[in-house]
Amino acid sequence: MTADTAGPTLTPVDSILLPEADTLYIGNPYALVVDPFDGSFYISDIFSGRLLRFRRDGSLMLGYGRPGEGPGEFRGGPGAPEEREIRVRKTWH
């Protein structure tokens with residue numbers, strides 16, 4: 001591969017250690033999106049069928065969804081959230 005077709009060079013500038021437990025396990029991460037407003041980030045996990053939102057320090061803020069085909073469920077795992085297209089609505093009954 002020549003330098004013209006190699007693509008961009010990525011330089012890591014920091015790292016975050018994410019918590020892991022029986023109730024929080026990222027088995028097959030699909031995408032990572034950083035929120036430009038507050039620096040939080042979203043990881044979609046195909047294994048658990050959830051979209052997870054973490055604070056800048058790596059602590060979990062919220063988890064969205066579960067596997068399935070009903071309301072609040074993802075069939076085939078969640079995709080990557082698009083910038084400014086994340087819409088989550090909580091309803092209480």
# chains A, B, ... in the order shown; residues from 1 in each chain; ligands from 1
call {"tool": "residues_around", "arguments": {"residues": "Gly58 of chain A", "least_positions_apart": "6", "cutoff": "7 Å", "atoms": "only C-alpha atoms", "output": "ChimeraX atom specification"}}
result
/A:16-18
call {"tool": "residues_around", "arguments": {"residues": "Arg66 of chain A", "least_positions_apart": "2", "cutoff": "12 Å", "atoms": "only C-alpha atoms", "output": "PyMOL selection string"}}
result
chain A and resi 44-52+63-64+68-78
call {"tool": "write_last_selection", "arguments": {"atoms": "N, CA, C and O atoms", "output": "compact mmCIF listing (two decimals), in the first residue's frame"}}
result
# COMPACT_ATOMS: atom_id res chain seq x y z
N SER A 44 -22.09 1.33 21.06
CA SER A 44 -23.15 0.36 20.77
C SER A 44 -22.54 -1.03 20.86
O SER A 44 -21.46 -1.28 20.34
N ASP A 45 -23.24 -1.91 21.55
CA ASP A 45 -22.74 -3.27 21.78
C ASP A 45 -23.72 -4.28 21.19
O ASP A 45 -24.86 -4.39 21.65
N ILE A 46 -23.29 -4.99 20.17
CA ILE A 46 -24.13 -5.98 19.51
C ILE A 46 -24.40 -7.16 20.44
O ILE A 46 -25.49 -7.73 20.44
N PHE A 47 -23.42 -7.53 21.27
CA PHE A 47 -23.56 -8.68 22.16
C PHE A 47 -24.74 -8.51 23.12
O PHE A 47 -25.57 -9.40 23.28
N SER A 48 -24.80 -7.35 23.77
CA SER A 48 -25.86 -7.12 24.76
C SER A 48 -27.09 -6.47 24.15
O SER A 48 -28.13 -6.37 24.81
N GLY A 49 -27.00 -6.00 22.91
CA GLY A 49 -28.13 -5.32 22.29
C GLY A 49 -28.45 -3.99 22.93
O GLY A 49 -29.59 -3.59 22.99
N ARG A 50 -27.42 -3.32 23.42
CA ARG A 50 -27.63 -2.05 24.11
C ARG A 50 -26.76 -0.95 23.53
O ARG A 50 -25.72 -1.21 22.92
N LEU A 51 -27.18 0.26 23.74
CA LEU A 51 -26.39 1.44 23.47
C LEU A 51 -26.03 2.02 24.82
O LEU A 51 -26.91 2.31 25.64
N LEU A 52 -24.74 2.14 25.11
CA LEU A 52 -24.28 2.59 26.42
C LEU A 52 -23.69 3.99 26.32
O LEU A 52 -22.93 4.28 25.40
N GLY A 63 -27.86 3.30 29.98
CA GLY A 63 -27.90 2.23 29.00
C GLY A 63 -29.26 2.24 28.32
O GLY A 63 -30.28 2.42 28.99
N TYR A 64 -29.26 2.13 27.02
CA TYR A 64 -30.50 2.17 26.26
C TYR A 64 -30.73 0.83 25.58
O TYR A 64 -29.82 0.27 24.99
N GLY A 68 -34.39 -7.60 21.13
CA GLY A 68 -35.80 -7.89 20.89
C GLY A 68 -36.35 -7.12 19.72
O GLY A 68 -35.60 -6.50 18.96
N GLU A 69 -37.65 -7.13 19.57
CA GLU A 69 -38.28 -6.45 18.46
C GLU A 69 -39.39 -5.49 18.89
O GLU A 69 -40.12 -4.97 18.07
N GLY A 70 -39.51 -5.26 20.19
CA GLY A 70 -40.56 -4.37 20.69
C GLY A 70 -40.03 -2.98 20.97
O GLY A 70 -38.89 -2.65 20.65
N PRO A 71 -40.85 -2.16 21.61
CA PRO A 71 -40.42 -0.81 21.98
C PRO A 71 -39.20 -0.84 22.89
O PRO A 71 -39.14 -1.62 23.83
N GLY A 72 -38.21 -0.02 22.58
CA GLY A 72 -37.00 0.03 23.38
C GLY A 72 -36.07 -1.15 23.18
O GLY A 72 -35.13 -1.33 23.94
N GLU A 73 -36.32 -1.95 22.16
CA GLU A 73 -35.50 -3.13 21.90
C GLU A 73 -34.83 -3.01 20.52
O GLU A 73 -35.36 -2.37 19.62
N PHE A 74 -33.65 -3.61 20.40
CA PHE A 74 -32.90 -3.58 19.15
C PHE A 74 -32.86 -4.97 18.54
O PHE A 74 -32.52 -5.94 19.19
N ARG A 75 -33.18 -5.05 17.28
CA ARG A 75 -33.07 -6.30 16.54
C ARG A 75 -31.73 -6.27 15.82
O ARG A 75 -31.48 -5.41 15.00
N GLY A 76 -30.84 -7.21 16.14
CA GLY A 76 -29.53 -7.24 15.50
C GLY A 76 -28.53 -6.29 16.13
O GLY A 76 -27.49 -6.03 15.57
N GLY A 77 -28.84 -5.75 17.27
CA GLY A 77 -27.93 -4.83 17.95
C GLY A 77 -28.13 -3.41 17.50
O GLY A 77 -28.61 -3.15 16.41
N PRO A 78 -27.80 -2.46 18.36
CA PRO A 78 -27.96 -1.05 18.00
C PRO A 78 -26.89 -0.63 17.02
O PRO A 78 -25.79 -1.14 17.02
call {"tool": "closest_residue", "arguments": {"among": "A:Pro36, A:Pro19, A:Gly7, A:Pro12", "to": "Asp57 of chain A", "atoms": "only C-alpha atoms"}}
result
A:Pro19
call {"tool": "closest_residue", "arguments": {"among": "A:Pro67, A:Arg56, A:Thr23, A:Leu62", "to": "Gly39 of chain A", "atoms": "only C-alpha atoms"}}
result
A:Arg56
call {"tool": "residues_around", "arguments": {"residues": "Ile43 of chain A", "least_positions_apart": "2", "cutoff": "8 Å", "atoms": "only C-alpha atoms", "output": "PyMOL selection string"}}
result
chain A and resi 29-33+41+45+51-53+80
call {"tool": "write_last_selection", "arguments": {"atoms": "N, CA, C and O atoms", "output": "mmCIF file, in the first residue's frame"}}
result
data_model
loop_
_atom_site.group_PDB
_atom_site.id
_atom_site.type_symbol
_atom_site.label_atom_id
_atom_site.label_comp_id
_atom_site.auth_asym_id
_atom_site.auth_seq_id
_atom_site.Cartn_x
_atom_site.Cartn_y
_atom_site.Cartn_z
ATOM 1 N N PRO A 29 -18.333 -4.520 20.844
ATOM 2 C CA PRO A 29 -18.598 -3.122 20.520
ATOM 3 C C PRO A 29 -18.642 -2.910 19.019
ATOM 4 O O PRO A 29 -17.826 -3.454 18.282
ATOM 5 N N TYR A 30 -19.633 -2.144 18.580
ATOM 6 C CA TYR A 30 -19.825 -1.915 17.146
ATOM 7 C C TYR A 30 -19.352 -0.536 16.726
ATOM 8 O O TYR A 30 -18.754 -0.376 15.681
ATOM 9 N N ALA A 31 -19.631 0.476 17.547
ATOM 10 C CA ALA A 31 -19.275 1.834 17.171
ATOM 11 C C ALA A 31 -19.059 2.688 18.406
ATOM 12 O O ALA A 31 -19.590 2.407 19.474
ATOM 13 N N LEU A 32 -18.280 3.729 18.227
ATOM 14 C CA LEU A 32 -18.013 4.703 19.275
ATOM 15 C C LEU A 32 -18.308 6.080 18.703
ATOM 16 O O LEU A 32 -17.827 6.425 17.632
ATOM 17 N N VAL A 33 -19.112 6.862 19.414
ATOM 18 C CA VAL A 33 -19.420 8.232 19.007
ATOM 19 C C VAL A 33 -19.237 9.128 20.224
ATOM 20 O O VAL A 33 -19.741 8.821 21.301
ATOM 21 N N PHE A 41 -19.539 9.784 25.738
ATOM 22 C CA PHE A 41 -19.441 8.973 24.522
ATOM 23 C C PHE A 41 -20.386 7.790 24.587
ATOM 24 O O PHE A 41 -20.761 7.316 25.650
ATOM 25 N N ASP A 45 -23.241 -1.914 21.548
ATOM 26 C CA ASP A 45 -22.743 -3.273 21.781
ATOM 27 C C ASP A 45 -23.718 -4.278 21.189
ATOM 28 O O ASP A 45 -24.860 -4.395 21.652
ATOM 29 N N LEU A 51 -27.185 0.259 23.745
ATOM 30 C CA LEU A 51 -26.395 1.441 23.468
ATOM 31 C C LEU A 51 -26.027 2.021 24.823
ATOM 32 O O LEU A 51 -26.913 2.309 25.639
ATOM 33 N N LEU A 52 -24.744 2.145 25.113
ATOM 34 C CA LEU A 52 -24.285 2.588 26.423
ATOM 35 C C LEU A 52 -23.688 3.988 26.321
ATOM 36 O O LEU A 52 -22.931 4.281 25.400
ATOM 37 N N ARG A 53 -24.041 4.846 27.276
ATOM 38 C CA ARG A 53 -23.491 6.201 27.316
ATOM 39 C C ARG A 53 -22.619 6.338 28.560
ATOM 40 O O ARG A 53 -23.053 6.041 29.676
ATOM 41 N N ALA A 80 -24.708 2.678 15.173
ATOM 42 C CA ALA A 80 -23.980 3.828 15.690
ATOM 43 C C ALA A 80 -24.885 5.043 15.712
ATOM 44 O O ALA A 80 -25.536 5.336 14.721
#
call {"tool": "atom_distance", "arguments": {"atom1": "atom CA of Leu60 of chain A", "atom2": "atom CA of Val13 of chain A"}}
result
21.4 Å
call {"tool": "atom_distance", "arguments": {"atom1": "atom CA of Thr9 of chain A", "atom2": "atom CA of Val34 of chain A"}}
result
18.7 Å
